Structures are given as structure tokens and as C-alpha cells.
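For reference, the structure is listed below as C-alpha cells.
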Amino acid sequence: MQLTHEVEQMTCVAKGPNHGPAPIPEEGRWVQVTQITDISGFTHGIGWCAPQQGACKLSLNVKNGIIEEALVETLGCSGMTHSAAMASEILPGKTLLEALNTDLVCDAINTAMRELFLQIVYGRTQSAFSEDGLPVGAGLEDLGKGLRSQIGTMYGTKVKGTRYLEMAEGYVLEIGLDADGEIIGYKFVNLGKMMDAIKKGTDPKEAFEKNVGTYGRFNEAAKKIDPRKE
């Protein structure tokens with residue numbers, strides 16, 4: 001190590017007590033982190049691309065500094081879905097530091113990785129106070145039955161009002177209006193459950209009908225419309 005002339009001439013002053021870094025909560029323990037391998041936790045983060053035309057929700061399950069599980073959910077950009085496919089293959093098995101410097105192609109995924117890194121190294125994970133953390137596979141539980149992301153897609157105009165297109169329950173088939181033309185409920189099909197049934201051999205028409213449901217006071221609607229056509 002090179003020193004400048006000014007530093008070489010300085011008197012050496014002894015360093016006082018060194019208590020190490022402040023401990024952070026990790027999976028039910030308080031840990032003084034000095035190495036990447038000291039870090040464990042499960043958490044989520046959101047990223048966005050530079051033109052802000054798409055977004056990514058990234059979920060990581062980290063054990064002893066290694067990413068054991070990654071869930072990548074993207075929205076609003078077709079190219080981002082292909083980058084997500086790469087990320088789901090690239091991220092597991094890497095250390096947090098490697099992942100932070102991995103070329104994930106997509107700005108949104110890179111940004112999400114940065115936000116997660118900050119959460120994890122500062123002890124702000126979802127599993128900070130959960131003893132032993134969450135098992136590998138916890139990311140899939142976020143998706144629920146059918147393993148589909150929860151998506152909300154709504155569209156509205158001043159002249160024609162709002163249209164519900166996709167809710168947490170599934171793809172919206174119809175929205176119900178009362179006598180004043182206000183939405184009081186909707187009918188949907190759960191695509192995840194429907195596809196699971198079809199894969200098991202159920203007739204597609206029967207699978208569709210069995211996974212149609214309603215929300216709110218849809219059955220009391222004075223008028224029912226297809227939000228994509230009417």
C-alpha cells in the first residue's frame with residue numbers, strides 16, 4: 001500500500017475499542033455482518049426501467065449469502081419477460097455480491113436487485129424475525145393456487161368510465177352495473193385453476209365453467225357488459 005508523504009510523517013495514534021458493525025435481525029437472530037456469507041433472509045423488491053415502461057417484482061430467498069430461490073414477476077414490457085427467464089436461471093446459486101453485479105439485461109430487474117440488496121444487508125427482510133427464516137419454495141407460495149402472479153389491470157376514460165380487465169381472482173369476463181350505471185361487481189375466470197384442470201384431462205369447456213366466479217353484487221346487476229368490447 002502506498003502512502004503519501006504527508007501521511008508517512010504523521011504520528012501513529014492507537015485505535016480505540018472496536019465493537020464491530022451494529023447487529024441486524026436475520027431469521028430470528030441478531031447478526032454482526034462482516035462477510036456476505038453472514039447474510040440470510042427472504043424478501044421482495046420492486047424495480048423499474050429507465051424509460052419507466054415496465055416494472056419487475058423480484059423475490060429472493062438467501063441462505064448464508066447464497067441465493068437459493070428467485071421469483072421474477074414482470075409487467076408492461078414483452079422484452080422484460082425474456083430477461084426474467086434469464087434471471088431465474090442466472091440468480092440462484094450466486095452470492096448477493098455476484099448477483100448485484102450480474103448483467104440481467106433488463107433495467108427493471110437490475111434495479112429490483114439493487115433495492116433487494118439494500119433491504120437484505122440492512123436487515124429489513126420479510127423474514128427478519130422468523131426463526132430459521134422461510135424454506136426454499138416460499139416464493140411459490142406467494143403465487144397461490146395455479147402459480148400465477150396476482151395482476152390488476154384496469155383501464156378508464158373520462159368519456160366512458162372505468163373497465164376492470166384483470167383482478168386478483170382472475171380474468172374479468174363481465175362487469176355488473178346498477179341502475180345508475182355504476183359497477184357493483186364482476187364475473188371472472190381463474191385461469192390458473194382452469195389450466196390445471198385441463199392438464200389433468202378435464203374438458204376445456206367444463207374446466208372453464210367450473211372456475212368461473214363472481215365478486216360483489218354481480219348477480220343483482222341491472223346490466224352486464226364485456227369490459228373489452230362494450
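To be explicit about the labels: the chains of the C-alpha cells are called A, B, and onward in the order shown, and within each one the residues are counted from 1, while ligands get numbers from 1 in the order they are shown.
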
Distance query Val31 (chain A) at most 12 Å, only C-alpha atoms, self and fewer than 2 positions along chain excluded, as number ranges by chain: A: 20-29, 33-41, 64, 121-123, 128-129

Which of region 168-226 of chain A DSSP labels strand (DSSP E or B), written as a tab-separated table (two decimals) with N, CA, C and O atoms, in the first residue's frame:
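Here's the written file part.tsv:
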chain	number	residue	atom	x	y	z
A	170	GLY	N	-58.79	-13.25	-11.07
A	170	GLY	CA	-58.57	-13.75	-12.42
A	170	GLY	C	-59.00	-12.80	-13.51
A	170	GLY	O	-59.22	-11.60	-13.28
A	171	TYR	N	-59.14	-13.35	-14.70
A	171	TYR	CA	-59.51	-12.61	-15.92
A	171	TYR	C	-60.98	-12.21	-15.82
A	171	TYR	O	-61.86	-13.06	-15.61
A	172	VAL	N	-61.26	-10.92	-15.98
A	172	VAL	CA	-62.64	-10.43	-15.83
A	172	VAL	C	-63.41	-10.67	-17.13
A	172	VAL	O	-63.01	-10.22	-18.21
A	173	LEU	N	-64.53	-11.39	-17.01
A	173	LEU	CA	-65.38	-11.69	-18.16
A	173	LEU	C	-66.44	-10.63	-18.36
A	173	LEU	O	-66.72	-10.22	-19.50
A	174	GLU	N	-67.04	-10.20	-17.27
A	174	GLU	CA	-68.11	-9.19	-17.34
A	174	GLU	C	-68.06	-8.31	-16.10
A	174	GLU	O	-67.62	-8.77	-15.02
A	175	ILE	N	-68.50	-7.08	-16.23
A	175	ILE	CA	-68.68	-6.24	-15.05
A	175	ILE	C	-70.17	-5.92	-14.94
A	175	ILE	O	-70.86	-5.73	-15.94
A	176	GLY	N	-70.67	-5.90	-13.70
A	176	GLY	CA	-72.09	-5.66	-13.46
A	176	GLY	C	-72.33	-4.21	-13.06
A	176	GLY	O	-71.63	-3.65	-12.22
A	177	LEU	N	-73.34	-3.61	-13.68
A	177	LEU	CA	-73.69	-2.21	-13.41
A	177	LEU	C	-75.07	-2.15	-12.76
A	177	LEU	O	-75.97	-2.94	-13.08
A	183	ILE	N	-70.48	0.38	-11.25
A	183	ILE	CA	-70.06	-1.01	-11.08
A	183	ILE	C	-70.40	-1.50	-9.67
A	183	ILE	O	-70.10	-0.83	-8.68
A	184	ILE	N	-71.04	-2.67	-9.61
A	184	ILE	CA	-71.36	-3.26	-8.31
A	184	ILE	C	-70.79	-4.67	-8.16
A	184	ILE	O	-70.94	-5.32	-7.13
A	185	GLY	N	-70.09	-5.15	-9.19
A	185	GLY	CA	-69.49	-6.48	-9.12
A	185	GLY	C	-68.95	-6.90	-10.47
A	185	GLY	O	-69.07	-6.17	-11.46
A	186	TYR	N	-68.36	-8.09	-10.50
A	186	TYR	CA	-67.83	-8.60	-11.76
A	186	TYR	C	-67.79	-10.12	-11.75
A	186	TYR	O	-67.83	-10.76	-10.70
A	187	LYS	N	-67.72	-10.67	-12.96
A	187	LYS	CA	-67.59	-12.12	-13.14
A	187	LYS	C	-66.21	-12.39	-13.70
A	187	LYS	O	-65.72	-11.66	-14.57
A	188	PHE	N	-65.55	-13.44	-13.22
A	188	PHE	CA	-64.17	-13.71	-13.61
A	188	PHE	C	-63.96	-15.21	-13.82
A	188	PHE	O	-64.78	-16.03	-13.38
A	189	VAL	N	-62.86	-15.55	-14.48
A	189	VAL	CA	-62.43	-16.93	-14.57
A	189	VAL	C	-61.01	-17.01	-14.03
A	189	VAL	O	-60.15	-16.20	-14.38
A	212	VAL	N	-65.36	-20.35	-13.08
A	212	VAL	CA	-65.95	-19.02	-13.19
A	212	VAL	C	-66.57	-18.66	-11.85
A	212	VAL	O	-67.23	-19.48	-11.21
A	213	GLY	N	-66.34	-17.45	-11.40
A	213	GLY	CA	-66.91	-16.98	-10.14
A	213	GLY	C	-67.34	-15.54	-10.27
A	213	GLY	O	-67.12	-14.88	-11.29
A	214	THR	N	-67.98	-15.03	-9.22
A	214	THR	CA	-68.41	-13.63	-9.22
A	214	THR	C	-67.95	-12.95	-7.94
A	214	THR	O	-67.67	-13.61	-6.93
A	215	TYR	N	-67.88	-11.64	-8.00
A	215	TYR	CA	-67.49	-10.85	-6.83
A	215	TYR	C	-68.47	-9.70	-6.68
A	215	TYR	O	-68.94	-9.13	-7.66
A	216	GLY	N	-68.75	-9.34	-5.42
A	216	GLY	CA	-69.65	-8.22	-5.16
A	216	GLY	C	-71.10	-8.61	-5.40
A	216	GLY	O	-71.51	-9.76	-5.22
A	223	LYS	N	-77.42	-4.32	-15.52
A	223	LYS	CA	-76.82	-4.52	-16.84
A	223	LYS	C	-75.43	-5.13	-16.66
A	223	LYS	O	-74.71	-4.77	-15.74
A	224	LYS	N	-75.08	-6.05	-17.56
A	224	LYS	CA	-73.78	-6.70	-17.52
A	224	LYS	C	-73.10	-6.47	-18.85
A	224	LYS	O	-73.70	-6.69	-19.91
A	225	ILE	N	-71.81	-6.04	-18.81
A	225	ILE	CA	-71.11	-5.75	-20.04
A	225	ILE	C	-69.74	-6.44	-20.08
A	225	ILE	O	-69.13	-6.70	-19.05

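Between CA of Glu220 (chain A) and CA of Gly152 (chain A) lies a distance of 23.7 Å.
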
A:Val136, A:Val159, A:Ala84, A:Leu191 ranked by distance to Glu69 (chain A), top pick (using only C-alpha atoms): A:Val136

Pairwise distance for CA of Gly146 (chain A) and CA of Glu206 (chain A), rounded to one decimal in Å: 17.0 Å

Which residue of A:Arg114, A:His82, A:Lys63, A:His19 approaches Ile46 (chain A) most closely, using only C-alpha atoms: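 Among the listed residues, the smallest separation from Ile46 (chain A) belongs to A:Arg114.
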
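Shortest separation to Met80 (chain A) among A:Cys49, A:Leu97, A:Ile151, A:Met10 occurs at residue A:Cys49, atoms counted being only C-alpha atoms.
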
DSSP helix (DSSP H, G or I) residues within region 10-151 of chain A, listed as a VMD selection string: chain A and resid 36 to 38 78 to 90 96 to 100 107 to 121 138 to 141

One-decimal distance in Å that lies between CA of Ala50 (chain A) and CA of Met154 (chain A):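 Interatomic distance, CA of Met154 (chain A) to CA of Ala50 (chain A): 23.4 Å.
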
Pick from A:His44, A:Arg228, A:His5, A:Arg217, whichever lies nearest to Ser127 (chain A) using only C-alpha atoms: A:His44

Pick from A:Ser149, A:Gln2, A:Ser130, A:Thr74 nearest to Trp30 (chain A), counting only C-alpha atoms: A:Ser130

Using only C-alpha atoms: which of A:Leu147, A:Gln9, A:Ile66, A:Thr81 has the shortest distance to Val105 (chain A): A:Thr81

Selection near Thr111 (chain A), 10 Å with only C-alpha atoms, sequence-local residues under 6 positions removed, as a list in words: Gly45, Ile46, Gly47, Trp48, Cys49, Ala50, Ala55, Cys56, Lys57, Leu58, Leu100, Leu104 and Phe117 of chain A

All residues 9 Å or closer to Pro204 (chain A), only C-alpha atoms, same chain fewer than 5 positions away omitted, as a PyMOL selection string: chain A and resi 194-195+197-198+209

Near-Ala70 (chain A) list (7 Å; only C-alpha atoms; drop same-chain fewer than 3 positions) as a PyMOL selection string: chain A and resi 59-61+88+91-92

Deliver the residues from the most recent selection as a file, using N, CA and C atoms, as a short mmCIF file (atom, residue, chain, number, x, y, z; two decimals), in the first residue's frame.
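result_17.cif was written with the following content:
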data_model
loop_
_atom_site.label_atom_id
_atom_site.label_comp_id
_atom_site.auth_asym_id
_atom_site.auth_seq_id
_atom_site.Cartn_x
_atom_site.Cartn_y
_atom_site.Cartn_z
N SER A 59 -38.33 -11.54 -5.90
CA SER A 59 -38.33 -12.14 -4.57
C SER A 59 -37.13 -13.07 -4.47
N LEU A 60 -36.35 -12.92 -3.40
CA LEU A 60 -35.16 -13.74 -3.21
C LEU A 60 -35.19 -14.42 -1.84
N ASN A 61 -34.73 -15.65 -1.82
CA ASN A 61 -34.55 -16.38 -0.57
C ASN A 61 -33.05 -16.65 -0.44
N SER A 88 -34.10 -15.93 -13.82
CA SER A 88 -34.50 -17.07 -12.98
C SER A 88 -33.49 -18.20 -13.06
N LEU A 91 -29.68 -16.18 -11.39
CA LEU A 91 -29.55 -15.74 -10.00
C LEU A 91 -29.34 -16.86 -8.97
N PRO A 92 -30.12 -17.95 -8.99
CA PRO A 92 -29.91 -18.99 -7.97
C PRO A 92 -28.49 -19.55 -8.02
#
